[in-house]
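See below for data-v6.cif, which holds mmCIF, C-alpha atoms and all ligand atoms.
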```cif
data_input
#
loop_
_atom_site.label_atom_id
_atom_site.label_comp_id
_atom_site.auth_asym_id
_atom_site.auth_seq_id
_atom_site.Cartn_x
_atom_site.Cartn_y
_atom_site.Cartn_z
CA MET A 1 -236.97 111.66 213.70
CA ALA A 2 -239.63 111.94 210.98
CA ILE A 3 -238.30 111.18 207.50
CA ASP A 4 -239.28 114.05 205.26
CA TYR A 5 -236.28 114.43 202.94
CA LEU A 6 -235.43 112.28 199.91
CA ARG A 7 -232.18 112.58 198.01
CA LEU A 8 -232.79 111.28 194.53
CA SER A 9 -229.85 110.37 192.33
CA LEU A 10 -230.64 110.71 188.63
CA THR A 11 -227.57 109.16 187.03
CA ASP A 12 -224.22 107.59 187.85
CA ARG A 13 -222.51 109.57 185.07
CA CYS A 14 -220.53 112.71 185.68
CA ASN A 15 -218.65 115.23 183.58
CA LEU A 16 -216.06 115.61 186.36
CA ASN A 17 -213.93 113.03 188.12
CA CYS A 18 -213.41 114.41 191.63
CA LEU A 19 -210.63 113.21 193.89
CA TYR A 20 -213.09 112.40 196.68
CA CYS A 21 -215.59 110.52 194.54
CA THR A 22 -215.72 107.13 192.80
CA PRO A 23 -212.97 106.98 190.16
CA ARG A 24 -214.59 107.27 186.77
CA GLU A 25 -212.16 105.05 184.92
CA LYS A 26 -213.04 102.22 187.29
CA ALA A 27 -216.74 102.76 187.35
CA SER A 28 -218.55 100.62 184.87
CA PHE A 29 -221.47 102.82 184.00
CA LEU A 30 -224.95 101.49 184.39
CA LYS A 31 -226.86 100.45 181.31
CA HIS A 32 -229.52 102.81 180.09
CA GLU A 33 -232.30 100.32 180.81
CA ASP A 34 -231.14 99.97 184.43
CA LEU A 35 -231.86 103.63 185.11
CA LEU A 36 -235.34 104.60 186.18
CA ARG A 37 -237.18 106.53 183.49
CA HIS A 38 -238.67 109.94 184.22
CA GLU A 39 -242.15 108.50 184.77
CA GLU A 40 -240.75 105.86 187.15
CA LEU A 41 -238.76 108.47 189.08
CA ALA A 42 -241.83 110.67 189.37
CA ARG A 43 -244.01 107.80 190.52
CA ALA A 44 -241.48 106.71 193.13
CA ALA A 45 -241.11 110.31 194.29
CA ALA A 46 -244.88 110.69 194.61
CA ALA A 47 -244.99 107.52 196.72
CA PHE A 48 -242.30 108.92 199.03
CA VAL A 49 -244.28 112.16 199.32
CA SER A 50 -247.41 110.19 200.22
CA CYS A 51 -245.36 108.71 203.10
CA GLY A 52 -244.32 112.09 204.50
CA VAL A 53 -241.45 113.33 202.34
CA LYS A 54 -241.68 117.10 201.87
CA LYS A 55 -238.37 117.91 200.27
CA ILE A 56 -236.57 116.24 197.37
CA ARG A 57 -233.01 116.98 196.30
CA LEU A 58 -231.86 115.85 192.84
CA THR A 59 -228.26 114.67 192.71
CA GLY A 60 -226.09 112.18 190.86
CA GLY A 61 -223.55 111.63 189.27
CA GLU A 62 -224.21 114.93 187.64
CA PRO A 63 -227.97 115.54 187.49
CA LEU A 64 -227.65 118.01 184.61
CA LEU A 65 -226.43 115.16 182.37
CA ARG A 66 -229.91 113.67 182.56
CA LYS A 67 -231.79 114.30 179.30
CA ASN A 68 -234.71 116.74 179.52
CA ILE A 69 -233.98 117.50 183.15
CA ALA A 70 -236.36 120.49 183.06
CA GLY A 71 -239.16 118.13 182.00
CA LEU A 72 -238.41 115.90 184.99
CA VAL A 73 -238.33 118.90 187.31
CA LYS A 74 -241.78 119.89 186.06
CA MET A 75 -243.15 116.40 186.70
CA LEU A 76 -241.72 116.28 190.22
CA LYS A 77 -242.82 119.80 191.07
CA ALA A 78 -246.40 118.80 190.22
CA ILE A 79 -246.50 116.17 192.99
CA PRO A 80 -249.16 117.30 195.49
CA GLY A 81 -247.70 117.73 198.97
CA LEU A 82 -244.11 118.29 197.85
CA LYS A 83 -242.96 121.51 199.48
CA GLU A 84 -239.50 121.91 198.03
CA LEU A 85 -237.48 120.66 195.08
CA ALA A 86 -233.73 121.30 195.10
CA MET A 87 -230.66 120.16 193.19
CA THR A 88 -226.96 119.62 193.86
CA THR A 89 -224.82 120.10 190.76
CA ASN A 90 -221.20 120.76 189.87
CA GLY A 91 -222.52 123.76 187.94
CA VAL A 92 -220.53 123.09 184.77
CA LEU A 93 -223.70 122.90 182.64
CA LEU A 94 -225.77 125.25 184.76
CA ALA A 95 -225.19 128.51 182.87
CA GLN A 96 -227.32 127.28 179.97
CA SER A 97 -230.01 125.61 182.08
CA ALA A 98 -230.52 127.72 185.24
CA GLY A 99 -233.34 129.87 183.82
CA GLU A 100 -235.16 126.88 182.37
CA LEU A 101 -234.85 124.90 185.60
CA ARG A 102 -236.18 127.81 187.65
CA ALA A 103 -239.09 128.23 185.22
CA ALA A 104 -239.79 124.48 185.50
CA GLY A 105 -240.17 124.86 189.26
CA LEU A 106 -236.80 124.05 190.81
CA ASP A 107 -236.74 125.97 194.10
CA ARG A 108 -233.12 125.89 195.20
CA VAL A 109 -229.73 124.90 193.91
CA ASN A 110 -226.41 123.90 195.53
CA VAL A 111 -223.30 124.25 193.41
CA SER A 112 -220.24 122.16 194.30
CA LEU A 113 -217.13 124.25 193.80
CA ASN A 114 -213.93 123.21 195.52
CA SER A 115 -211.39 125.71 194.27
CA LEU A 116 -211.31 129.22 192.86
CA HIS A 117 -207.99 128.57 191.11
CA PRO A 118 -207.92 126.83 187.73
CA ALA A 119 -204.94 124.54 188.45
CA THR A 120 -206.35 123.35 191.79
CA TYR A 121 -209.83 123.00 190.34
CA GLN A 122 -208.35 120.81 187.61
CA ARG A 123 -206.36 118.78 190.15
CA ILE A 124 -209.56 118.09 192.13
CA THR A 125 -211.96 117.48 189.26
CA GLY A 126 -209.71 116.33 186.41
CA ALA A 127 -211.26 119.04 184.20
CA ASN A 128 -210.39 122.50 183.04
CA ALA A 129 -213.89 123.72 183.85
CA LEU A 130 -213.62 126.30 186.62
CA GLU A 131 -214.90 129.08 184.38
CA ASP A 132 -217.96 127.05 183.37
CA ALA A 133 -218.73 126.16 187.00
CA TRP A 134 -218.32 129.79 188.05
CA ASP A 135 -220.59 130.94 185.18
CA GLY A 136 -223.11 128.34 186.35
CA LEU A 137 -223.02 129.72 189.89
CA MET A 138 -223.53 133.26 188.63
CA ALA A 139 -226.38 132.14 186.36
CA ALA A 140 -228.03 130.46 189.35
CA LEU A 141 -227.78 133.71 191.33
CA ARG A 142 -229.47 135.57 188.47
CA ALA A 143 -232.18 132.98 187.85
CA GLY A 144 -234.16 133.81 190.99
CA PHE A 145 -233.86 130.60 193.03
CA SER A 146 -235.02 131.07 196.59
CA GLU A 147 -231.50 130.20 197.78
CA VAL A 148 -228.17 129.35 196.17
CA LYS A 149 -225.55 127.48 198.16
CA LEU A 150 -221.94 126.86 197.28
CA ASN A 151 -220.54 123.59 198.67
CA MET A 152 -216.81 123.32 199.27
CA VAL A 153 -215.36 120.01 200.49
CA VAL A 154 -212.35 121.17 202.50
CA MET A 155 -209.25 119.02 201.94
CA LYS A 156 -206.00 119.71 203.78
CA GLY A 157 -203.09 120.11 201.39
CA VAL A 158 -205.46 120.41 198.43
CA ASN A 159 -207.73 123.43 198.82
CA ASP A 160 -207.64 124.37 202.52
CA SER A 161 -205.52 127.44 201.75
CA GLU A 162 -208.61 128.89 200.02
CA VAL A 163 -211.12 128.82 202.88
CA ALA A 164 -210.85 132.57 203.58
CA GLU A 165 -211.27 133.33 199.86
CA PHE A 166 -214.43 131.25 199.84
CA ALA A 167 -215.69 132.99 202.97
CA ARG A 168 -215.14 136.30 201.20
CA LEU A 169 -217.67 135.26 198.52
CA SER A 170 -220.44 135.53 201.12
CA MET A 171 -219.61 139.23 201.42
CA ASP A 172 -219.92 139.92 197.72
CA PHE A 173 -222.75 137.58 196.69
CA PRO A 174 -226.05 136.47 198.29
CA VAL A 175 -224.75 132.93 198.48
CA SER A 176 -224.52 130.50 201.39
CA VAL A 177 -220.98 129.15 201.32
CA ARG A 178 -220.83 125.78 203.07
CA PHE A 179 -217.62 124.18 204.25
CA ILE A 180 -218.05 120.40 204.26
CA GLU A 181 -215.79 118.06 206.18
CA PHE A 182 -214.20 115.54 203.88
CA PHE A 183 -215.03 111.92 204.66
CA GLN A 184 -213.63 108.74 203.22
CA THR A 185 -215.85 106.93 200.76
CA SER A 186 -213.94 104.78 198.31
CA GLU A 187 -210.42 103.38 197.97
CA ARG A 188 -209.41 106.51 196.10
CA SER A 189 -210.57 108.86 198.81
CA ALA A 190 -208.62 106.68 201.29
CA GLN A 191 -205.52 108.14 199.65
CA LEU A 192 -206.70 111.44 201.08
CA ARG A 193 -206.86 110.12 204.62
CA ASP A 194 -204.64 112.94 205.87
CA ALA A 195 -206.77 115.55 204.13
CA PHE A 196 -209.36 115.84 206.87
CA LEU A 197 -209.73 119.31 208.36
CA SER A 198 -212.36 119.80 211.04
CA SER A 199 -215.04 122.48 210.75
CA ALA A 200 -213.67 124.00 213.96
CA GLU A 201 -210.25 124.43 212.35
CA THR A 202 -211.76 125.82 209.14
CA ARG A 203 -213.76 128.37 211.11
CA LYS A 204 -210.68 129.32 213.15
CA ARG A 205 -208.77 129.99 209.95
CA ILE A 206 -211.57 132.15 208.57
CA GLU A 207 -211.87 134.06 211.84
CA SER A 208 -208.10 134.67 211.89
CA VAL A 209 -208.57 136.64 208.67
CA TYR A 210 -211.98 138.24 209.13
CA GLY A 211 -212.57 138.30 212.88
CA LEU A 212 -215.23 136.51 214.90
CA LEU A 213 -218.24 135.22 212.96
CA GLN A 214 -221.73 135.71 214.31
CA GLU A 215 -223.70 132.50 214.74
CA VAL A 216 -227.21 132.72 213.34
CA PRO A 217 -230.10 130.47 214.37
CA PRO A 218 -230.53 127.59 211.92
CA GLY A 219 -233.20 128.21 209.29
CA PRO A 220 -235.50 125.59 207.75
CA THR A 221 -233.13 125.02 204.79
CA ASP A 222 -229.89 124.79 206.75
CA GLY A 223 -230.03 121.04 207.41
CA PRO A 224 -227.19 119.89 209.66
CA ALA A 225 -225.07 123.01 209.01
CA HIS A 226 -223.99 125.39 211.77
CA VAL A 227 -224.58 128.78 210.23
CA TYR A 228 -222.67 132.04 210.70
CA LYS A 229 -222.62 135.44 209.12
CA ARG A 230 -219.96 138.07 208.73
CA PRO A 231 -221.22 141.51 209.70
CA GLY A 232 -222.59 143.26 206.61
CA ALA A 233 -222.38 140.15 204.43
CA LYS A 234 -224.95 139.44 201.69
CA GLY A 235 -224.70 135.70 202.26
CA LYS A 236 -224.02 133.20 205.01
CA LEU A 237 -221.35 130.70 205.99
CA GLY A 238 -222.28 127.15 206.94
CA PHE A 239 -220.16 124.38 208.43
CA ILE A 240 -221.17 120.76 207.92
CA SER A 241 -219.34 118.45 210.29
CA GLY A 242 -220.33 114.98 209.16
CA ARG A 243 -217.16 113.59 210.63
CA SER A 244 -216.28 115.55 213.76
CA ASP A 245 -219.82 116.00 214.98
CA TYR A 246 -222.11 113.74 213.10
CA PHE A 247 -225.79 113.89 213.32
CA CYS A 248 -227.42 110.43 213.02
CA ALA A 249 -230.02 111.21 215.70
CA ALA A 250 -231.21 114.23 213.75
CA CYS A 251 -231.13 112.52 210.34
CA ASN A 252 -234.38 113.02 208.44
CA ARG A 253 -233.30 111.68 205.04
CA VAL A 254 -233.32 108.61 202.87
CA ARG A 255 -231.61 108.15 199.52
CA MET A 256 -232.66 106.49 196.31
CA ASP A 257 -230.16 105.85 193.54
CA CYS A 258 -230.85 106.09 189.83
CA THR A 259 -231.79 102.39 189.64
CA GLY A 260 -234.39 102.59 192.40
CA ARG A 261 -232.27 101.13 195.21
CA VAL A 262 -233.04 102.76 198.52
CA TYR A 263 -230.44 103.47 201.20
CA PRO A 264 -231.73 104.29 204.69
CA CYS A 265 -228.29 105.78 205.51
CA LEU A 266 -225.36 107.05 203.42
CA PHE A 267 -223.19 104.51 205.23
CA SER A 268 -225.55 101.54 204.87
CA PRO A 269 -226.03 99.15 201.99
CA ALA A 270 -229.18 99.47 199.93
CA THR A 271 -231.87 97.63 201.83
CA HIS A 272 -234.74 97.80 199.36
CA THR A 273 -235.42 98.45 195.71
CA LEU A 274 -238.44 100.03 194.11
CA ARG A 275 -237.60 99.33 190.47
CA ASP A 276 -239.15 95.86 190.28
CA LEU A 277 -242.34 97.10 191.92
CA LEU A 278 -242.48 100.10 189.60
CA ARG A 279 -241.93 97.94 186.53
CA ALA A 280 -244.48 95.38 187.69
CA GLY A 281 -247.03 98.21 187.81
CA VAL A 282 -248.05 97.62 191.44
CA PRO A 283 -250.72 99.97 192.83
CA ASP A 284 -249.73 103.14 194.70
CA GLU A 285 -250.68 101.62 198.08
CA ALA A 286 -248.21 98.75 197.60
CA LEU A 287 -245.42 101.20 196.78
CA ALA A 288 -246.28 103.25 199.85
CA ASP A 289 -246.32 100.12 202.06
CA HIS A 290 -242.87 99.22 200.81
CA ILE A 291 -241.55 102.70 201.57
CA LYS A 292 -242.99 102.60 205.08
CA LYS A 293 -240.97 99.39 205.66
CA ILE A 294 -237.84 101.22 204.53
CA PHE A 295 -238.55 104.03 206.98
CA LEU A 296 -238.91 101.47 209.77
CA VAL A 297 -235.42 100.01 209.23
CA LYS A 298 -233.73 103.41 209.09
CA SER A 299 -233.03 103.53 212.81
CA ASP A 300 -231.05 100.24 212.51
CA TYR A 301 -228.29 102.04 210.62
CA ASN A 302 -225.82 104.77 211.36
CA ARG A 303 -222.29 105.48 210.35
CA ASP A 304 -220.92 103.24 213.09
CA SER A 305 -222.97 100.22 212.00
CA SER A 306 -221.00 97.08 211.22
CA THR A 307 -222.36 97.38 207.68
CA ALA A 308 -220.96 100.89 207.19
CA GLY A 309 -218.31 100.85 204.51
CA HIS A 310 -217.76 101.57 200.87
CA ILE A 311 -220.04 104.24 199.46
CA GLU A 312 -220.71 104.31 195.75
CA MET A 313 -220.74 108.11 195.82
CA SER A 314 -220.96 108.57 192.06
CA SER A 315 -224.27 106.75 191.82
CA LEU A 316 -225.66 107.73 195.21
CA GLY A 317 -224.80 111.40 195.22
CA GLY A 318 -223.70 112.25 198.77
N1 LIG B 401 -222.23 116.06 190.63
C1 LIG B 401 -222.91 116.77 191.65
C2 LIG B 401 -221.98 117.69 192.40
O1 LIG B 401 -220.79 117.63 192.16
O2 LIG B 401 -222.49 118.47 193.20
C3 LIG B 401 -223.73 115.92 192.62
C4 LIG B 401 -223.06 114.69 193.17
S1 LIG B 401 -221.74 114.98 194.33
C5 LIG B 401 -221.36 113.31 194.80
C6 LIG B 401 -222.62 115.69 195.67
C7 LIG B 401 -221.83 116.19 196.84
O3 LIG B 401 -221.31 115.11 197.56
C8 LIG B 401 -220.63 117.08 196.58
O4 LIG B 401 -220.94 118.42 196.57
C9 LIG B 401 -219.82 116.89 197.82
O5 LIG B 401 -220.14 117.93 198.71
C10 LIG B 401 -220.34 115.63 198.43
N2 LIG B 401 -219.27 114.66 198.60
C11 LIG B 401 -218.94 113.68 197.76
N3 LIG B 401 -217.90 112.97 198.25
C12 LIG B 401 -217.57 113.53 199.42
C13 LIG B 401 -216.58 113.26 200.41
N4 LIG B 401 -215.73 112.25 200.26
N5 LIG B 401 -216.52 114.05 201.47
C14 LIG B 401 -217.40 115.07 201.61
N6 LIG B 401 -218.36 115.36 200.73
C15 LIG B 401 -218.44 114.60 199.66
#
```

Would it be possible to restate this file's structure as structure tokens?
Ligand code: SAM
Amino acid sequence: MAIDYLRLSLTDRCNLNCLYCTPREKASFLKHEDLLRHEELARAAAAFVSCGVKKIRLTGGEPLLRKNIAGLVKMLKAIPGLKELAMTTNGVLLAQSAGELRAAGLDRVNVSLNSLHPATYQRITGANALEDAWDGLMAALRAGFSEVKLNMVVMKGVNDSEVAEFARLSMDFPVSVRFIEFFQTSERSAQLRDAFLSSAETRKRIESVYGLLQEVPPGPTDGPAHVYKRPGAKGKLGFISGRSDYFCAACNRVRMDCTGRVYPCLFSPATHTLRDLLRAGVPDEALADHIKKIFLVKSDYNRDSSTAGHIEMSSLGG
């Protein structure tokens, strides 16, 4: 599978503290100087693009905590050959930045929203910020992005009673609601080991309320999601089954964290780092050679590899 998708984490900091992510109180945040600067991120991104990457997704931590994020978006968008620049955010700070990000060239945005009820939202995220996240989602819909997706990690006993309510949003808004299977990452998420609900079960529950969903052929931005539509709906429904039906053979992505460490697979350790090369000022060709080596080792890893284990989700960004 050709590697044409880079997920780029901009920071390990977050304004939420989600149940399924790395606990914030335990995380010792990275030092400022460890993080790649905007120019370094843009140079690394350009090197990935020269090796075949066509799409970059900004993630974190919370990418909107990165200073002058619109400036970084502009720099990345100017990379020749990059076809699409997207972002995954919790949306809490999006209401004030959506227009500026769109104007800077951000093409698409995914908002993570795991409950539509304030108490459950607070239980999941540790913050009383549902209204801000909702306002962020609405601002994204108004800002003119080519697509807005809403990501819900479905957790049994936590938010699974809301799946039909989330599906309903695709009727009222031109949003792609995506139901993501929960997977274990850290010790904390191990406490949620009974929270797994398969995509098949989630879909069954939605269909028991709204009737059979129509499957639609996957579009170029659907990634590994199986996509459905309710008749007459403005938006779509996607199911991402990373656990019940995972998709290593079709994986087209690599990940770089905010310090320049590169992970060929979400479930692998970092195998390479670009920061030292970037800071040593090596020529573009040397950066590209290094990235080609990373691409070559990608097929050695999948989620069943003996190395698969703890994922530092807060710095790597899912
Ligand atoms: N702060 C941003 C946000 O909340 O969208 C970006 C980082 S967050 C780690 C990115 C995405 O990772 C979340 O939307 C969530 O879908 C996914 N994610 C994180 N931990 C997960 C888990 N244990 N199971 C399933 N998805 C997970």

For this session: Compute the distance from (-223.8, 128.7, 202.9) to each atom, counting all atoms listed in the file, keep the residues with any atom at most 7 Å away, and return them as a PyMOL selection string; use the coordinates of the file.
Result: chain A and resi 149-150+175-178+236-238

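Interatomic distance, atom CA of A:Leu58 to atom CA of A:Leu94: 13.8 Å.
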
For this session: Kindly provide, as a ChimeraX atom specification, all nucleotide and amino acid residues lying within 7 Å of ligand LIG 401 (chain B), counting all atoms listed in the file.
Result: /A:14,20-21,59-63,88-90,111-112,151-153,180-185,189,313-314,317-318

Problem set entry | Local residues around (-231.2, 96.5, 197.5), at most 12 Å away, using all atoms listed in the file, as a list in words | Arg255, Met256, Asp257, Thr259, Gly260, Arg261, Val262, Tyr263, Pro264, Ser268, Pro269, Ala270, Thr271, His272, Thr273, Leu274, Arg275, Asp276 and Ile294 of chain A

For this session: Write out as a VMD selection string which residues come within 12 Å of A:Glu100 when counting only C-alpha atoms, dropping same-chain ones fewer than 6 positions away.
Result: chain A and resid 64 68 to 74 94 106 to 107 139 to 140 143 to 145

For the selection you just gave me, I'd like the residues written to a file as a PDB file, keeping the file's coordinate frame, keeping C-alpha atoms.
```
ATOM      1  CA  LEU A  64    -227.650 118.010 184.610  1.00  0.00           C
ATOM      2  CA  ASN A  68    -234.710 116.740 179.520  1.00  0.00           C
ATOM      3  CA  ILE A  69    -233.980 117.500 183.150  1.00  0.00           C
ATOM      4  CA  ALA A  70    -236.360 120.490 183.060  1.00  0.00           C
ATOM      5  CA  GLY A  71    -239.160 118.130 182.000  1.00  0.00           C
ATOM      6  CA  LEU A  72    -238.410 115.900 184.990  1.00  0.00           C
ATOM      7  CA  VAL A  73    -238.330 118.900 187.310  1.00  0.00           C
ATOM      8  CA  LYS A  74    -241.780 119.890 186.060  1.00  0.00           C
ATOM      9  CA  LEU A  94    -225.770 125.250 184.760  1.00  0.00           C
ATOM     10  CA  LEU A 106    -236.800 124.050 190.810  1.00  0.00           C
ATOM     11  CA  ASP A 107    -236.740 125.970 194.100  1.00  0.00           C
ATOM     12  CA  ALA A 139    -226.380 132.140 186.360  1.00  0.00           C
ATOM     13  CA  ALA A 140    -228.030 130.460 189.350  1.00  0.00           C
ATOM     14  CA  ALA A 143    -232.180 132.980 187.850  1.00  0.00           C
ATOM     15  CA  GLY A 144    -234.160 133.810 190.990  1.00  0.00           C
ATOM     16  CA  PHE A 145    -233.860 130.600 193.030  1.00  0.00           C
TER      17      PHE A 145
END
```

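When all atoms listed in the file are used to compute distances to A:Arg37, the closest of the residues A:Ala288, A:Leu278, A:Ile56, A:Ala129 turns out to be A:Leu278.
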
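Between A:Phe173 and the candidates A:Leu76, A:Leu141, A:Cys248, A:Val282, the tightest atom-to-atom separation, counting all atoms listed in the file, involves A:Leu141.
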
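Atom to atom, atom CA of A:Ser170 and atom CA of A:Asp4 stand 28.9 Å apart.
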
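When atom CA of A:Ser241 is paired with atom CA of A:Gln214, their separation reads 17.9 Å.
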
Exercise. Restricting the calculation to all atoms listed in the file, which member of A:Leu169, A:Ala45, A:Asp245, A:Thr11 is positioned closest to A:Lys31?
Worked result: A:Thr11

Exercise. Nearest to A:Glu84 among A:Ser244, A:Ser299, A:Thr22, A:Ser146, with distances taken over all atoms listed in the file: which residue is it?
Worked result: A:Ser146

For this session: Write out as number ranges by chain which residues come within 10 Å of A:Gly232 when counting all atoms listed in the file, dropping same-chain ones fewer than 2 positions away.
Result: A: 170-172, 229-230, 234-235

Problem set entry | Among listed residues A:Ala225, A:Phe29, A:Leu19, A:His117, nearest A:Gln191 (using all atoms listed in the file) | A:Leu19

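In this comparison, which uses all atoms listed in the file, the residue of A:Arg243, A:Arg66, A:Arg205, A:Arg253 approaching A:Cys265 most closely is A:Arg253.
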
Exercise. Neighbours of stretch 222-224 of chain A within 9 Å (all atoms listed in the file; same-chain residues fewer than 5 positions away dropped), as a PyMOL selection string?
Worked result: chain A and resi 238-242+246-247+250-251

For this session: Please provide the set of residues having any atom within 7 Å of stretch 77-82 of chain A, restricted to only C-alpha atoms, with same-chain residues fewer than 5 positions apart removed, written as an MDAnalysis selection string.
Result: chainID A and resid 46 49 54:55 105

Problem set entry | Shell of 12 Å around A:Gly157, all atoms listed in the file, local chain residues under 4 positions omitted, as a PyMOL selection string | chain A and resi 120+123-124+161-163+192-197

Would you fill the gaps in stretch 165-172 of chain A so it has all heavy atoms, then print it as a PDB file, keeping the file's coordinate frame?
```pdb
ATOM      1  N   GLU A 165    -210.792 132.814 201.161  1.00  0.00           N
ATOM      2  CA  GLU A 165    -211.270 133.330 199.860  1.00  0.00           C
ATOM      3  C   GLU A 165    -212.730 132.933 199.628  1.00  0.00           C
ATOM      4  O   GLU A 165    -213.539 133.715 199.125  1.00  0.00           O
ATOM      5  CB  GLU A 165    -210.442 132.694 198.751  1.00  0.00           C
ATOM      6  CG  GLU A 165    -209.474 133.607 198.054  1.00  0.00           C
ATOM      7  CD  GLU A 165    -208.699 132.824 197.001  1.00  0.00           C
ATOM      8  OE1 GLU A 165    -207.800 132.039 197.393  1.00  0.00           O
ATOM      9  OE2 GLU A 165    -209.004 132.969 195.826  1.00  0.00           O
ATOM     10  N   PHE A 166    -213.045 131.697 199.987  1.00  0.00           N
ATOM     11  CA  PHE A 166    -214.430 131.250 199.840  1.00  0.00           C
ATOM     12  C   PHE A 166    -215.348 132.022 200.785  1.00  0.00           C
ATOM     13  O   PHE A 166    -216.458 132.421 200.408  1.00  0.00           O
ATOM     14  CB  PHE A 166    -214.541 129.732 200.102  1.00  0.00           C
ATOM     15  CG  PHE A 166    -214.339 128.901 198.862  1.00  0.00           C
ATOM     16  CD1 PHE A 166    -213.079 128.492 198.476  1.00  0.00           C
ATOM     17  CD2 PHE A 166    -215.406 128.530 198.062  1.00  0.00           C
ATOM     18  CE1 PHE A 166    -212.885 127.746 197.323  1.00  0.00           C
ATOM     19  CE2 PHE A 166    -215.232 127.793 196.909  1.00  0.00           C
ATOM     20  CZ  PHE A 166    -213.957 127.382 196.530  1.00  0.00           C
ATOM     21  N   ALA A 167    -214.871 132.240 202.020  1.00  0.00           N
ATOM     22  CA  ALA A 167    -215.690 132.990 202.970  1.00  0.00           C
ATOM     23  C   ALA A 167    -215.985 134.386 202.438  1.00  0.00           C
ATOM     24  O   ALA A 167    -217.081 134.937 202.607  1.00  0.00           O
ATOM     25  CB  ALA A 167    -214.974 133.059 204.322  1.00  0.00           C
ATOM     26  N   ARG A 168    -215.016 134.948 201.767  1.00  0.00           N
ATOM     27  CA  ARG A 168    -215.140 136.300 201.200  1.00  0.00           C
ATOM     28  C   ARG A 168    -216.324 136.369 200.207  1.00  0.00           C
ATOM     29  O   ARG A 168    -216.993 137.405 200.085  1.00  0.00           O
ATOM     30  CB  ARG A 168    -213.806 136.629 200.515  1.00  0.00           C
ATOM     31  CG  ARG A 168    -213.780 137.751 199.535  1.00  0.00           C
ATOM     32  CD  ARG A 168    -213.436 139.046 200.208  1.00  0.00           C
ATOM     33  NE  ARG A 168    -214.277 140.080 199.652  1.00  0.00           N
ATOM     34  CZ  ARG A 168    -214.349 141.312 200.091  1.00  0.00           C
ATOM     35  NH1 ARG A 168    -213.663 141.680 201.125  1.00  0.00           N
ATOM     36  NH2 ARG A 168    -215.134 142.193 199.525  1.00  0.00           N
ATOM     37  N   LEU A 169    -216.580 135.252 199.512  1.00  0.00           N
ATOM     38  CA  LEU A 169    -217.670 135.260 198.520  1.00  0.00           C
ATOM     39  C   LEU A 169    -219.016 135.593 199.161  1.00  0.00           C
ATOM     40  O   LEU A 169    -219.891 136.172 198.523  1.00  0.00           O
ATOM     41  CB  LEU A 169    -217.771 133.893 197.814  1.00  0.00           C
ATOM     42  CG  LEU A 169    -216.583 133.489 196.942  1.00  0.00           C
ATOM     43  CD1 LEU A 169    -216.792 132.082 196.382  1.00  0.00           C
ATOM     44  CD2 LEU A 169    -216.406 134.479 195.797  1.00  0.00           C
ATOM     45  N   SER A 170    -219.155 135.240 200.450  1.00  0.00           N
ATOM     46  CA  SER A 170    -220.440 135.530 201.120  1.00  0.00           C
ATOM     47  C   SER A 170    -220.598 137.029 201.383  1.00  0.00           C
ATOM     48  O   SER A 170    -221.700 137.492 201.675  1.00  0.00           O
ATOM     49  CB  SER A 170    -220.568 134.746 202.426  1.00  0.00           C
ATOM     50  OG  SER A 170    -219.768 135.328 203.433  1.00  0.00           O
ATOM     51  N   MET A 171    -219.502 137.765 201.302  1.00  0.00           N
ATOM     52  CA  MET A 171    -219.610 139.230 201.420  1.00  0.00           C
ATOM     53  C   MET A 171    -220.167 139.822 200.131  1.00  0.00           C
ATOM     54  O   MET A 171    -221.016 140.701 200.141  1.00  0.00           O
ATOM     55  CB  MET A 171    -218.219 139.866 201.649  1.00  0.00           C
ATOM     56  CG  MET A 171    -217.622 139.703 203.007  1.00  0.00           C
ATOM     57  SD  MET A 171    -218.628 140.387 204.310  1.00  0.00           S
ATOM     58  CE  MET A 171    -218.271 142.146 204.198  1.00  0.00           C
ATOM     59  N   ASP A 172    -219.648 139.300 199.014  1.00  0.00           N
ATOM     60  CA  ASP A 172    -219.920 139.920 197.720  1.00  0.00           C
ATOM     61  C   ASP A 172    -221.199 139.412 197.049  1.00  0.00           C
ATOM     62  O   ASP A 172    -221.769 140.094 196.195  1.00  0.00           O
ATOM     63  CB  ASP A 172    -218.739 139.669 196.764  1.00  0.00           C
ATOM     64  CG  ASP A 172    -217.440 140.223 197.336  1.00  0.00           C
ATOM     65  OD1 ASP A 172    -217.521 141.161 198.144  1.00  0.00           O
ATOM     66  OD2 ASP A 172    -216.367 139.706 196.992  1.00  0.00           O
TER      67      ASP A 172
END
```
